[in-house]
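Text of query25.pdb, listed as PDB, C-alpha atoms:
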MODEL        1
ATOM      1  CA  MET A1118      22.100 -21.261  65.536
ATOM      2  CA  ASN A1119      23.662 -21.940  62.149
ATOM      3  CA  GLN A1120      20.918 -22.980  59.730
ATOM      4  CA  GLN A1121      23.365 -23.484  56.855
ATOM      5  CA  PRO A1122      23.795 -27.075  55.735
ATOM      6  CA  PHE A1123      27.464 -26.532  54.776
ATOM      7  CA  SER A1124      30.490 -25.391  56.794
ATOM      8  CA  PHE A1125      33.894 -24.282  55.534
ATOM      9  CA  ARG A1126      37.237 -24.473  57.328
ATOM     10  CA  ALA A1127      40.967 -24.793  56.712
ATOM     11  CA  ALA A1128      41.933 -28.322  55.665
ATOM     12  CA  ARG A1129      43.705 -30.566  58.178
ATOM     13  CA  LYS A1130      46.183 -33.287  57.322
ATOM     14  CA  THR A1131      43.480 -35.870  58.179
ATOM     15  CA  ASP A1132      41.344 -34.385  55.350
ATOM     16  CA  LEU A1133      43.986 -35.058  52.710
ATOM     17  CA  SER A1134      42.752 -38.450  51.495
ATOM     18  CA  ALA A1135      39.212 -37.040  51.147
ATOM     19  CA  ILE A1136      40.566 -34.071  49.190
ATOM     20  CA  VAL A1137      42.461 -36.345  46.798
ATOM     21  CA  ARG A1138      39.330 -38.492  46.316
ATOM     22  CA  LEU A1139      37.365 -35.351  45.413
ATOM     23  CA  LEU A1140      40.045 -34.233  42.946
ATOM     24  CA  ALA A1141      40.065 -37.695  41.355
ATOM     25  CA  ASP A1142      36.264 -37.965  41.027
ATOM     26  CA  ASP A1143      36.126 -35.701  37.987
ATOM     27  CA  ASP A1144      36.252 -36.125  34.205
ATOM     28  CA  LEU A1145      39.643 -34.432  33.886
ATOM     29  CA  GLY A1146      40.949 -35.319  37.339
ATOM     30  CA  GLN A1147      40.516 -39.081  37.149
ATOM     31  CA  SER A1148      43.518 -39.491  34.846
ATOM     32  CA  ARG A1149      45.620 -36.993  36.809
ATOM     33  CA  GLU A1150      45.233 -38.209  40.395
ATOM     34  CA  ASN A1151      45.991 -41.351  42.386
ATOM     35  CA  PRO A1152      43.709 -41.702  45.430
ATOM     36  CA  THR A1153      45.162 -45.119  46.382
ATOM     37  CA  LEU A1154      45.990 -45.377  50.101
ATOM     38  CA  PRO A1155      48.492 -44.851  51.555
ATOM     39  CA  LEU A1156      48.703 -41.654  49.535
ATOM     40  CA  ALA A1157      51.770 -41.041  47.399
ATOM     41  CA  GLY A1158      54.377 -39.015  49.251
ATOM     42  CA  ALA A1159      54.041 -36.155  46.765
ATOM     43  CA  TYR A1160      50.554 -35.443  48.127
ATOM     44  CA  LEU A1161      51.886 -35.240  51.697
ATOM     45  CA  ASP A1162      54.746 -32.993  50.568
ATOM     46  CA  ALA A1163      52.261 -30.723  48.783
ATOM     47  CA  PHE A1164      50.061 -30.493  51.863
ATOM     48  CA  GLN A1165      53.082 -29.461  53.941
ATOM     49  CA  ALA A1166      54.194 -26.892  51.352
ATOM     50  CA  ILE A1167      50.716 -25.345  51.436
ATOM     51  CA  ALA A1168      50.698 -25.357  55.253
ATOM     52  CA  ASP A1169      54.118 -23.646  55.261
ATOM     53  CA  ASP A1170      52.958 -20.818  52.966
ATOM     54  CA  ALA A1171      50.975 -18.101  54.753
ATOM     55  CA  ASN A1172      49.522 -16.993  51.413
ATOM     56  CA  GLN A1173      47.773 -20.320  50.748
ATOM     57  CA  ILE A1174      44.334 -21.275  52.028
ATOM     58  CA  LEU A1175      43.428 -24.906  51.361
ATOM     59  CA  ALA A1176      39.868 -25.382  52.592
ATOM     60  CA  VAL A1177      37.219 -28.059  52.820
ATOM     61  CA  ALA A1178      33.432 -27.942  52.955
ATOM     62  CA  THR A1179      31.767 -30.289  55.414
ATOM     63  CA  ASN A1180      28.201 -31.467  55.944
ATOM     64  CA  PRO A1181      26.483 -31.620  59.372
ATOM     65  CA  GLU A1182      27.986 -35.101  59.857
ATOM     66  CA  ASN A1183      31.482 -33.547  59.381
ATOM     67  CA  ALA A1184      32.121 -35.448  56.143
ATOM     68  CA  VAL A1185      34.289 -33.607  53.614
ATOM     69  CA  ILE A1186      32.041 -32.780  50.649
ATOM     70  CA  GLY A1187      34.000 -30.088  48.846
ATOM     71  CA  THR A1188      37.417 -28.490  48.515
ATOM     72  CA  ILE A1189      38.904 -25.253  47.235
ATOM     73  CA  GLN A1190      42.349 -23.628  47.266
ATOM     74  CA  ILE A1191      42.895 -19.885  47.484
ATOM     75  CA  THR A1192      46.313 -18.374  46.738
ATOM     76  CA  LEU A1193      46.845 -14.789  47.882
ATOM     77  CA  ILE A1194      49.208 -13.099  45.416
ATOM     78  CA  PRO A1195      50.876  -9.758  46.158
ATOM     79  CA  GLY A1196      51.780  -7.799  43.037
ATOM     80  CA  ILE A1197      53.078  -4.422  41.910
ATOM     81  CA  SER A1198      50.529  -4.046  39.123
ATOM     82  CA  ARG A1199      47.117  -2.381  39.588
ATOM     83  CA  ARG A1200      48.713  -0.024  42.151
ATOM     84  CA  GLY A1201      50.081  -2.760  44.343
ATOM     85  CA  ALA A1202      46.902  -4.850  44.398
ATOM     86  CA  TRP A1203      46.626  -8.237  46.031
ATOM     87  CA  ARG A1204      44.758 -10.805  43.998
ATOM     88  CA  GLY A1205      43.085 -13.973  45.190
ATOM     89  CA  GLN A1206      43.438 -16.946  42.924
ATOM     90  CA  ILE A1207      41.095 -19.915  43.058
ATOM     91  CA  GLU A1208      42.319 -23.405  42.141
ATOM     92  CA  ALA A1209      41.200 -27.000  42.558
ATOM     93  CA  VAL A1210      37.473 -26.459  43.165
ATOM     94  CA  ARG A1211      35.569 -29.721  43.617
ATOM     95  CA  VAL A1212      32.118 -30.636  44.944
ATOM     96  CA  ALA A1213      31.327 -34.228  45.949
ATOM     97  CA  ARG A1214      29.188 -36.025  43.375
ATOM     98  CA  ASP A1215      26.184 -36.325  45.739
ATOM     99  CA  TYR A1216      26.214 -32.574  46.351
ATOM    100  CA  ARG A1217      26.411 -31.325  42.764
ATOM    101  CA  GLY A1218      23.424 -29.073  42.068
ATOM    102  CA  SER A1219      22.822 -28.578  45.796
ATOM    103  CA  GLY A1220      24.108 -25.003  45.996
ATOM    104  CA  LEU A1221      27.313 -26.115  47.734
ATOM    105  CA  GLY A1222      29.513 -24.858  44.887
ATOM    106  CA  GLN A1223      27.960 -21.410  45.064
ATOM    107  CA  SER A1224      28.224 -21.292  48.874
ATOM    108  CA  MET A1225      31.864 -22.371  48.692
ATOM    109  CA  LEU A1226      32.740 -19.704  46.127
ATOM    110  CA  GLU A1227      30.893 -17.035  48.114
ATOM    111  CA  TRP A1228      32.884 -18.133  51.179
ATOM    112  CA  ALA A1229      36.120 -17.909  49.153
ATOM    113  CA  ILE A1230      35.220 -14.447  47.845
ATOM    114  CA  THR A1231      34.643 -13.319  51.459
ATOM    115  CA  GLN A1232      38.040 -14.711  52.494
ATOM    116  CA  CYS A1233      39.697 -12.755  49.667
ATOM    117  CA  ARG A1234      37.901  -9.558  50.693
ATOM    118  CA  LEU A1235      38.987 -10.047  54.321
ATOM    119  CA  LYS A1236      42.600 -10.422  53.130
ATOM    120  CA  GLY A1237      42.388  -7.155  51.175
ATOM    121  CA  CYS A1238      42.304  -8.527  47.635
ATOM    122  CA  SER A1239      40.927  -6.216  44.968
ATOM    123  CA  LEU A1240      40.615  -8.929  42.318
ATOM    124  CA  ILE A1241      39.804 -12.632  42.240
ATOM    125  CA  GLN A1242      40.897 -14.787  39.335
ATOM    126  CA  LEU A1243      40.643 -18.374  38.197
ATOM    127  CA  THR A1244      40.849 -20.351  34.999
ATOM    128  CA  THR A1245      38.638 -23.190  33.871
ATOM    129  CA  ASP A1246      39.268 -25.660  31.102
ATOM    130  CA  LYS A1247      37.512 -24.666  27.870
ATOM    131  CA  SER A1248      35.882 -28.122  27.921
ATOM    132  CA  ARG A1249      33.851 -27.329  31.080
ATOM    133  CA  PRO A1250      30.808 -25.355  29.852
ATOM    134  CA  ASP A1251      28.917 -26.005  33.109
ATOM    135  CA  ALA A1252      31.755 -24.373  35.022
ATOM    136  CA  HIS A1253      31.655 -21.355  32.698
ATOM    137  CA  ARG A1254      27.961 -20.788  33.398
ATOM    138  CA  PHE A1255      28.584 -21.300  37.109
ATOM    139  CA  TYR A1256      31.308 -18.629  37.358
ATOM    140  CA  GLU A1257      29.462 -16.187  35.114
ATOM    141  CA  LYS A1258      26.406 -16.459  37.380
ATOM    142  CA  LEU A1259      28.675 -15.505  40.292
ATOM    143  CA  GLY A1260      29.765 -12.344  38.461
ATOM    144  CA  PHE A1261      33.090 -13.518  37.018
ATOM    145  CA  GLU A1262      33.938 -12.270  33.540
ATOM    146  CA  ALA A1263      35.828 -14.404  30.996
ATOM    147  CA  SER A1264      38.007 -11.482  29.956
ATOM    148  CA  HIS A1265      41.200 -13.507  29.523
ATOM    149  CA  LEU A1266      42.630 -16.577  27.828
ATOM    150  CA  GLY A1267      44.299 -19.077  30.145
ATOM    151  CA  TYR A1268      47.560 -20.478  28.785
ATOM    152  CA  LYS A1269      49.285 -23.584  30.177
ATOM    153  CA  LEU A1270      52.666 -25.119  29.406
ATOM    154  CA  ASN A1271      53.507 -28.575  30.753
ATOM    155  CA  LEU A1272      57.151 -28.910  31.770
TER
ATOM    156  CA  MET B1379      82.064 -14.092  28.337
ATOM    157  CA  ASN B1380      78.331 -13.496  28.196
ATOM    158  CA  GLN B1381      77.383 -12.555  24.634
ATOM    159  CA  GLN B1382      73.717 -12.061  25.542
ATOM    160  CA  PRO B1383      72.487  -8.472  25.355
ATOM    161  CA  PHE B1384      69.992  -8.991  28.224
ATOM    162  CA  SER B1385      70.443 -10.040  31.863
ATOM    163  CA  PHE B1386      67.814 -11.119  34.373
ATOM    164  CA  ARG B1387      67.921 -10.820  38.143
ATOM    165  CA  ALA B1388      65.679 -10.482  41.201
ATOM    166  CA  ALA B1389      64.260  -6.969  41.511
ATOM    167  CA  ARG B1390      65.685  -4.624  44.168
ATOM    168  CA  LYS B1391      63.770  -1.876  45.929
ATOM    169  CA  THR B1392      65.679   0.654  43.834
ATOM    170  CA  ASP B1393      64.141  -0.918  40.687
ATOM    171  CA  LEU B1394      60.593  -0.280  41.850
ATOM    172  CA  SER B1395      60.008   3.062  40.118
ATOM    173  CA  ALA B1396      61.315   1.602  36.838
ATOM    174  CA  ILE B1397      58.985  -1.407  37.245
ATOM    175  CA  VAL B1398      55.970   0.833  37.804
ATOM    176  CA  ARG B1399      56.926   2.925  34.741
ATOM    177  CA  LEU B1400      57.044  -0.270  32.654
ATOM    178  CA  LEU B1401      53.650  -1.408  33.964
ATOM    179  CA  ALA B1402      52.162   2.007  33.184
ATOM    180  CA  ASP B1403      53.578   2.218  29.643
ATOM    181  CA  ASP B1404      50.962  -0.136  28.204
ATOM    182  CA  ASP B1405      47.514   0.205  26.603
ATOM    183  CA  LEU B1406      45.745  -1.426  29.539
ATOM    184  CA  GLY B1407      48.235  -0.428  32.232
ATOM    185  CA  GLN B1408      48.181   3.320  31.648
ATOM    186  CA  SER B1409      44.789   3.712  33.324
ATOM    187  CA  ARG B1410      45.625   1.290  36.135
ATOM    188  CA  GLU B1411      48.987   2.601  37.368
ATOM    189  CA  ASN B1412      50.365   5.797  38.853
ATOM    190  CA  PRO B1413      54.102   6.177  38.175
ATOM    191  CA  THR B1414      54.246   9.634  39.816
ATOM    192  CA  LEU B1415      57.196  10.019  42.214
ATOM    193  CA  PRO B1416      57.381   9.578  45.108
ATOM    194  CA  LEU B1417      55.529   6.330  44.472
ATOM    195  CA  ALA B1418      52.255   5.705  46.285
ATOM    196  CA  GLY B1419      52.779   3.763  49.503
ATOM    197  CA  ALA B1420      50.743   0.833  48.163
ATOM    198  CA  TYR B1421      53.541   0.111  45.667
ATOM    199  CA  LEU B1422      56.143   0.004  48.455
ATOM    200  CA  ASP B1423      53.895  -2.225  50.575
ATOM    201  CA  ALA B1424      53.433  -4.571  47.615
ATOM    202  CA  PHE B1425      57.186  -4.755  47.029
ATOM    203  CA  GLN B1426      57.713  -5.688  50.681
ATOM    204  CA  ALA B1427      54.924  -8.317  50.580
ATOM    205  CA  ILE B1428      56.591  -9.910  47.550
ATOM    206  CA  ALA B1429      60.013  -9.802  49.249
ATOM    207  CA  ASP B1430      58.510 -11.468  52.350
ATOM    208  CA  ASP B1431      57.013 -14.368  50.350
ATOM    209  CA  ALA B1432      59.543 -17.066  49.456
ATOM    210  CA  ASN B1433      57.222 -18.282  46.669
ATOM    211  CA  GLN B1434      57.373 -15.002  44.731
ATOM    212  CA  ILE B1435      60.044 -14.057  42.211
ATOM    213  CA  LEU B1436      59.802 -10.462  40.999
ATOM    214  CA  ALA B1437      62.486 -10.002  38.368
ATOM    215  CA  VAL B1438      63.833  -7.376  36.034
ATOM    216  CA  ALA B1439      65.647  -7.540  32.722
ATOM    217  CA  THR B1440      68.564  -5.172  32.268
ATOM    218  CA  ASN B1441      70.618  -4.037  29.280
ATOM    219  CA  PRO B1442      74.439  -3.817  29.276
ATOM    220  CA  GLU B1443      74.165  -0.297  30.753
ATOM    221  CA  ASN B1444      72.188  -1.808  33.698
ATOM    222  CA  ALA B1445      68.983   0.020  32.785
ATOM    223  CA  VAL B1446      65.785  -1.853  33.634
ATOM    224  CA  ILE B1447      64.151  -2.792  30.312
ATOM    225  CA  GLY B1448      61.710  -5.495  31.319
ATOM    226  CA  THR B1449      59.902  -7.054  34.259
ATOM    227  CA  ILE B1450      58.142 -10.289  35.106
ATOM    228  CA  GLN B1451      56.652 -11.853  38.239
ATOM    229  CA  ILE B1452      56.652 -15.600  38.915
ATOM    230  CA  THR B1453      54.473 -17.060  41.685
ATOM    231  CA  LEU B1454      55.303 -20.608  42.765
ATOM    232  CA  ILE B1455      52.073 -22.325  43.807
ATOM    233  CA  PRO B1456      52.039 -25.609  45.717
ATOM    234  CA  GLY B1457      48.875 -27.647  45.179
ATOM    235  CA  ILE B1458      47.335 -31.022  45.912
ATOM    236  CA  SER B1459      45.977 -31.510  42.395
ATOM    237  CA  ARG B1460      47.962 -33.197  39.608
ATOM    238  CA  ARG B1461      49.570 -35.470  42.231
ATOM    239  CA  GLY B1462      50.878 -32.659  44.370
ATOM    240  CA  ALA B1463      52.327 -30.631  41.509
ATOM    241  CA  TRP B1464      53.852 -27.204  41.889
ATOM    242  CA  ARG B1465      52.845 -24.719  39.251
ATOM    243  CA  GLY B1466      54.605 -21.549  38.218
ATOM    244  CA  GLN B1467      52.369 -18.631  37.429
ATOM    245  CA  ILE B1468      53.506 -15.700  35.335
ATOM    246  CA  GLU B1469      52.079 -12.215  35.916
ATOM    247  CA  ALA B1470      52.897  -8.626  35.006
ATOM    248  CA  VAL B1471      55.122  -9.203  31.971
ATOM    249  CA  ARG B1472      56.334  -5.981  30.391
ATOM    250  CA  VAL B1473      59.051  -5.067  27.878
ATOM    251  CA  ALA B1474      60.251  -1.474  27.527
ATOM    252  CA  ARG B1475      58.892   0.221  24.406
ATOM    253  CA  ASP B1476      62.347   0.541  22.775
ATOM    254  CA  TYR B1477      62.947  -3.188  23.171
ATOM    255  CA  ARG B1478      59.666  -4.535  21.787
ATOM    256  CA  GLY B1479      60.429  -6.837  18.861
ATOM    257  CA  SER B1480      64.030  -7.246  20.010
ATOM    258  CA  GLY B1481      63.687 -10.787  21.334
ATOM    259  CA  LEU B1482      63.783  -9.583  24.950
ATOM    260  CA  GLY B1483      60.266 -10.892  25.685
ATOM    261  CA  GLN B1484      61.176 -14.343  24.442
ATOM    262  CA  SER B1485      64.461 -14.376  26.398
ATOM    263  CA  MET B1486      62.656 -13.237  29.535
ATOM    264  CA  LEU B1487      59.998 -15.960  29.236
ATOM    265  CA  GLU B1488      62.661 -18.594  28.552
ATOM    266  CA  TRP B1489      64.483 -17.403  31.677
ATOM    267  CA  ALA B1490      61.231 -17.625  33.661
ATOM    268  CA  ILE B1491      60.516 -21.137  32.370
ATOM    269  CA  THR B1492      64.012 -22.167  33.481
ATOM    270  CA  GLN B1493      63.386 -20.709  36.957
ATOM    271  CA  CYS B1494      60.143 -22.718  37.222
ATOM    272  CA  ARG B1495      61.924 -25.908  36.156
ATOM    273  CA  LEU B1496      64.671 -25.307  38.748
ATOM    274  CA  LYS B1497      61.971 -24.916  41.422
ATOM    275  CA  GLY B1498      60.383 -28.234  40.448
ATOM    276  CA  CYS B1499      57.226 -26.943  38.749
ATOM    277  CA  SER B1500      55.500 -29.340  36.373
ATOM    278  CA  LEU B1501      53.234 -26.704  34.847
ATOM    279  CA  ILE B1502      53.478 -23.009  33.986
ATOM    280  CA  GLN B1503      50.347 -20.924  33.614
ATOM    281  CA  LEU B1504      49.399 -17.376  32.778
ATOM    282  CA  THR B1505      46.425 -15.462  31.485
ATOM    283  CA  THR B1506      46.365 -12.699  28.917
ATOM    284  CA  ASP B1507      43.560 -10.279  28.179
ATOM    285  CA  LYS B1508      41.480 -11.384  25.192
ATOM    286  CA  SER B1509      42.205  -7.959  23.670
ATOM    287  CA  ARG B1510      45.951  -8.693  23.306
ATOM    288  CA  PRO B1511      46.252 -10.750  20.066
ATOM    289  CA  ASP B1512      50.004 -10.055  19.824
ATOM    290  CA  ALA B1513      50.462 -11.600  23.264
ATOM    291  CA  HIS B1514      48.472 -14.669  22.209
ATOM    292  CA  ARG B1515      50.767 -15.269  19.227
ATOM    293  CA  PHE B1516      53.797 -14.657  21.437
ATOM    294  CA  TYR B1517      52.833 -17.275  24.050
ATOM    295  CA  GLU B1518      51.697 -19.811  21.460
ATOM    296  CA  LYS B1519      55.089 -19.518  19.737
ATOM    297  CA  LEU B1520      56.688 -20.359  23.088
ATOM    298  CA  GLY B1521      54.611 -23.557  23.314
ATOM    299  CA  PHE B1522      51.823 -22.363  25.615
ATOM    300  CA  GLU B1523      48.352 -23.702  24.843
ATOM    301  CA  ALA B1524      45.192 -21.597  25.339
ATOM    302  CA  SER B1525      43.327 -24.517  26.905
ATOM    303  CA  HIS B1526      41.478 -22.437  29.500
ATOM    304  CA  LEU B1527      39.284 -19.391  29.941
ATOM    305  CA  GLY B1528      40.547 -16.816  32.411
ATOM    306  CA  TYR B1529      37.859 -15.380  34.680
ATOM    307  CA  LYS B1530      38.265 -12.218  36.771
ATOM    308  CA  LEU B1531      36.033 -10.654  39.400
ATOM    309  CA  ASN B1532      36.800  -7.158  40.684
ATOM    310  CA  LEU B1533      36.079  -6.741  44.391
TER
ENDMDL
END
Step by step, read the file and then write its structure as structure tokens.
Amino acid sequence: MNQQPFSFRAARKTDLSAIVRLLADDDLGQSRENPTLPLAGAYLDAFQAIADDANQILAVATNPENAVIGTIQITLIPGISRRGAWRGQIEAVRVARDYRGSGLGQSMLEWAITQCRLKGCSLIQLTTDKSRPDAHRFYEKLGFEASHLGYKLNL
Amino acid sequence: MNQQPFSFRAARKTDLSAIVRLLADDDLGQSRENPTLPLAGAYLDAFQAIADDANQILAVATNPENAVIGTIQITLIPGISRRGAWRGQIEAVRVARDYRGSGLGQSMLEWAITQCRLKGCSLIQLTTDKSRPDAHRFYEKLGFEASHLGYKLNL
């Protein structure tokens, strides 16, 4: 008997429009995304590229009614540094508006951390925009340390 | 006729000991790496994992005598966010001690940016330790913006 209100699983192609809606329903994301149906082909291409890459885990959180209420992407990165350590990188974390403050975000991150452990990662990393103080508190509570600056360059 | 003093190419297995020496010859890297020969098996496993992943580019810089004088890793990350954008992520950038201040770092980053453009990335990202002010100036000069905080969690 699973008493947990949230479940996590690999995303299916039929989840894609829900994932894009989640990404768009966000202060920074609303100007970046286009959730209009049918979805732009670039979203479908991206889903396929993720599916084709064994080192990508695109996941969704669902509620007991099987609605998609959260999403997260984990990239498993092999590297020479730190004695050949694998690192797990977290991107594109979103929780549905109705579930913010419900503990879903924490459950989803704990699930992601477990996935990274199972894959042999010795480090997990992510960046958050400096303009998201709530996110900073959230990750610090989970044990993440803001030891780095995150640089971006738009091409 | 190539007038450039530096060349860049994909790393070969025979470059691995030179790459590990570069990673170790660094304030933060010296405690993290073990360049003792024969290299620890984890380094060889990591090299193979990178070679097996079509979305990884581990590269070296060489001088006209074909000595390895720099290294950089690019990870190509497909994602749903930003309308299905690919991002290039830079990790493990090192320049040999004798070549620091020579312009090699800038040439190597410009080469990496070109590789990301050729692969269709619309964003390049990297993190640098907050304790590396020289690196911050270096990336800002190249046009990178420190818009994010970089969080790490050791497992």
| said: Please list as a VMD selection string every residue within 8 Å of segment 1402-1409 of chain B, counting only C-alpha atoms and excluding residues in the same chain fewer than 3 positions away. | reply: (chain A and resid 1199) or (chain B and resid 1398 to 1399 1412 to 1413 1474 to 1475)
Suppose we keep C-alpha atoms; can you now write the selection as a tab-separated table (two decimals), keeping the file's coordinate frame?
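Okay, this is what ended up in selection34.tsv:
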chain	number	residue	atom	x	y	z
A	1199	ARG	CA	47.12	-2.38	39.59
B	1398	VAL	CA	55.97	0.83	37.80
B	1399	ARG	CA	56.93	2.92	34.74
B	1412	ASN	CA	50.36	5.80	38.85
B	1413	PRO	CA	54.10	6.18	38.17
B	1474	ALA	CA	60.25	-1.47	27.53
B	1475	ARG	CA	58.89	0.22	24.41
| task | Might you spell out which residues the ChimeraX specification (/B :<7) & /A would select in the displayed file, as a ChimeraX atom specification? | result | /A:1140,1149-1151,1159-1160,1163-1164,1166-1167,1195-1201,1209,1239-1247,1260-1272
Put chain A on top of chain B with a least-squares fit on all C-alpha atoms, paired in order, and send it back as a short mmCIF file (atom, residue, chain, number, x, y, z; two decimals) with C-alpha atoms, in the frame of the given file.
data_model
loop_
_atom_site.label_atom_id
_atom_site.label_comp_id
_atom_site.auth_asym_id
_atom_site.auth_seq_id
_atom_site.Cartn_x
_atom_site.Cartn_y
_atom_site.Cartn_z
CA MET A 1118 82.09 -14.08 28.40
CA ASN A 1119 78.36 -13.46 28.26
CA GLN A 1120 77.41 -12.53 24.69
CA GLN A 1121 73.74 -12.06 25.58
CA PRO A 1122 72.49 -8.49 25.37
CA PHE A 1123 69.99 -9.00 28.23
CA SER A 1124 70.45 -10.04 31.87
CA PHE A 1125 67.82 -11.13 34.37
CA ARG A 1126 67.92 -10.84 38.16
CA ALA A 1127 65.69 -10.48 41.21
CA ALA A 1128 64.26 -6.96 41.51
CA ARG A 1129 65.68 -4.63 44.16
CA LYS A 1130 63.76 -1.89 45.93
CA THR A 1131 65.70 0.67 43.83
CA ASP A 1132 64.15 -0.92 40.69
CA LEU A 1133 60.60 -0.27 41.85
CA SER A 1134 60.01 3.07 40.12
CA ALA A 1135 61.31 1.60 36.83
CA ILE A 1136 59.00 -1.40 37.24
CA VAL A 1137 55.98 0.84 37.80
CA ARG A 1138 56.92 2.93 34.74
CA LEU A 1139 57.04 -0.27 32.66
CA LEU A 1140 53.66 -1.40 33.97
CA ALA A 1141 52.17 2.02 33.19
CA ASP A 1142 53.58 2.22 29.64
CA ASP A 1143 50.96 -0.12 28.21
CA ASP A 1144 47.52 0.21 26.62
CA LEU A 1145 45.74 -1.44 29.55
CA GLY A 1146 48.22 -0.45 32.24
CA GLN A 1147 48.19 3.30 31.67
CA SER A 1148 44.78 3.70 33.31
CA ARG A 1149 45.63 1.29 36.13
CA GLU A 1150 48.99 2.59 37.36
CA ASN A 1151 50.38 5.79 38.85
CA PRO A 1152 54.11 6.18 38.17
CA THR A 1153 54.26 9.64 39.81
CA LEU A 1154 57.21 10.01 42.21
CA PRO A 1155 57.39 9.56 45.11
CA LEU A 1156 55.54 6.32 44.47
CA ALA A 1157 52.27 5.70 46.27
CA GLY A 1158 52.78 3.76 49.48
CA ALA A 1159 50.76 0.83 48.14
CA TYR A 1160 53.55 0.10 45.65
CA LEU A 1161 56.14 0.01 48.45
CA ASP A 1162 53.89 -2.22 50.56
CA ALA A 1163 53.44 -4.57 47.59
CA PHE A 1164 57.18 -4.76 47.01
CA GLN A 1165 57.70 -5.69 50.67
CA ALA A 1166 54.93 -8.31 50.57
CA ILE A 1167 56.59 -9.91 47.54
CA ALA A 1168 60.01 -9.80 49.23
CA ASP A 1169 58.51 -11.45 52.34
CA ASP A 1170 57.02 -14.36 50.34
CA ALA A 1171 59.55 -17.06 49.44
CA ASN A 1172 57.23 -18.27 46.67
CA GLN A 1173 57.37 -14.99 44.73
CA ILE A 1174 60.05 -14.06 42.20
CA LEU A 1175 59.80 -10.46 41.00
CA ALA A 1176 62.49 -10.01 38.36
CA VAL A 1177 63.84 -7.37 36.03
CA ALA A 1178 65.66 -7.54 32.71
CA THR A 1179 68.57 -5.16 32.27
CA ASN A 1180 70.63 -4.03 29.29
CA PRO A 1181 74.46 -3.81 29.29
CA GLU A 1182 74.16 -0.30 30.76
CA ASN A 1183 72.19 -1.81 33.71
CA ALA A 1184 68.98 0.02 32.78
CA VAL A 1185 65.78 -1.85 33.63
CA ILE A 1186 64.15 -2.79 30.31
CA GLY A 1187 61.70 -5.49 31.32
CA THR A 1188 59.90 -7.04 34.27
CA ILE A 1189 58.14 -10.29 35.10
CA GLN A 1190 56.65 -11.86 38.24
CA ILE A 1191 56.65 -15.59 38.92
CA THR A 1192 54.48 -17.06 41.67
CA LEU A 1193 55.32 -20.61 42.75
CA ILE A 1194 52.08 -22.32 43.80
CA PRO A 1195 52.04 -25.62 45.71
CA GLY A 1196 48.88 -27.64 45.17
CA ILE A 1197 47.34 -31.02 45.91
CA SER A 1198 46.00 -31.51 42.39
CA ARG A 1199 47.97 -33.22 39.59
CA ARG A 1200 49.59 -35.48 42.23
CA GLY A 1201 50.89 -32.67 44.36
CA ALA A 1202 52.33 -30.63 41.49
CA TRP A 1203 53.86 -27.21 41.89
CA ARG A 1204 52.84 -24.72 39.25
CA GLY A 1205 54.61 -21.55 38.21
CA GLN A 1206 52.38 -18.63 37.43
CA ILE A 1207 53.51 -15.70 35.32
CA GLU A 1208 52.08 -12.21 35.92
CA ALA A 1209 52.90 -8.63 35.01
CA VAL A 1210 55.13 -9.21 31.97
CA ARG A 1211 56.33 -5.97 30.39
CA VAL A 1212 59.05 -5.07 27.88
CA ALA A 1213 60.25 -1.47 27.53
CA ARG A 1214 58.88 0.23 24.42
CA ASP A 1215 62.34 0.54 22.79
CA TYR A 1216 62.93 -3.19 23.18
CA ARG A 1217 59.66 -4.53 21.78
CA GLY A 1218 60.41 -6.84 18.86
CA SER A 1219 64.02 -7.25 20.00
CA GLY A 1220 63.68 -10.80 21.33
CA LEU A 1221 63.77 -9.60 24.95
CA GLY A 1222 60.26 -10.89 25.67
CA GLN A 1223 61.17 -14.36 24.45
CA SER A 1224 64.46 -14.37 26.40
CA MET A 1225 62.65 -13.24 29.54
CA LEU A 1226 60.00 -15.96 29.24
CA GLU A 1227 62.65 -18.61 28.55
CA TRP A 1228 64.48 -17.40 31.67
CA ALA A 1229 61.22 -17.63 33.66
CA ILE A 1230 60.50 -21.13 32.36
CA THR A 1231 64.01 -22.18 33.49
CA GLN A 1232 63.39 -20.71 36.96
CA CYS A 1233 60.15 -22.71 37.22
CA ARG A 1234 61.92 -25.91 36.15
CA LEU A 1235 64.67 -25.31 38.74
CA LYS A 1236 61.98 -24.91 41.42
CA GLY A 1237 60.38 -28.23 40.44
CA CYS A 1238 57.23 -26.94 38.74
CA SER A 1239 55.50 -29.34 36.38
CA LEU A 1240 53.23 -26.70 34.84
CA ILE A 1241 53.47 -23.02 33.99
CA GLN A 1242 50.35 -20.92 33.61
CA LEU A 1243 49.39 -17.37 32.78
CA THR A 1244 46.41 -15.47 31.48
CA THR A 1245 46.35 -12.69 28.93
CA ASP A 1246 43.55 -10.28 28.18
CA LYS A 1247 41.47 -11.39 25.19
CA SER A 1248 42.19 -7.96 23.67
CA ARG A 1249 45.94 -8.70 23.29
CA PRO A 1250 46.24 -10.75 20.07
CA ASP A 1251 49.99 -10.05 19.83
CA ALA A 1252 50.45 -11.59 23.26
CA HIS A 1253 48.46 -14.67 22.21
CA ARG A 1254 50.76 -15.27 19.23
CA PHE A 1255 53.78 -14.66 21.44
CA TYR A 1256 52.83 -17.28 24.06
CA GLU A 1257 51.69 -19.80 21.46
CA LYS A 1258 55.08 -19.52 19.74
CA LEU A 1259 56.68 -20.37 23.10
CA GLY A 1260 54.60 -23.56 23.33
CA PHE A 1261 51.80 -22.37 25.62
CA GLU A 1262 48.33 -23.69 24.85
CA ALA A 1263 45.18 -21.59 25.35
CA SER A 1264 43.32 -24.50 26.90
CA HIS A 1265 41.47 -22.44 29.51
CA LEU A 1266 39.26 -19.39 29.95
CA GLY A 1267 40.54 -16.81 32.42
CA TYR A 1268 37.84 -15.39 34.69
CA LYS A 1269 38.26 -12.23 36.77
CA LEU A 1270 36.03 -10.66 39.41
CA ASN A 1271 36.81 -7.16 40.68
CA LEU A 1272 36.07 -6.74 44.38
#
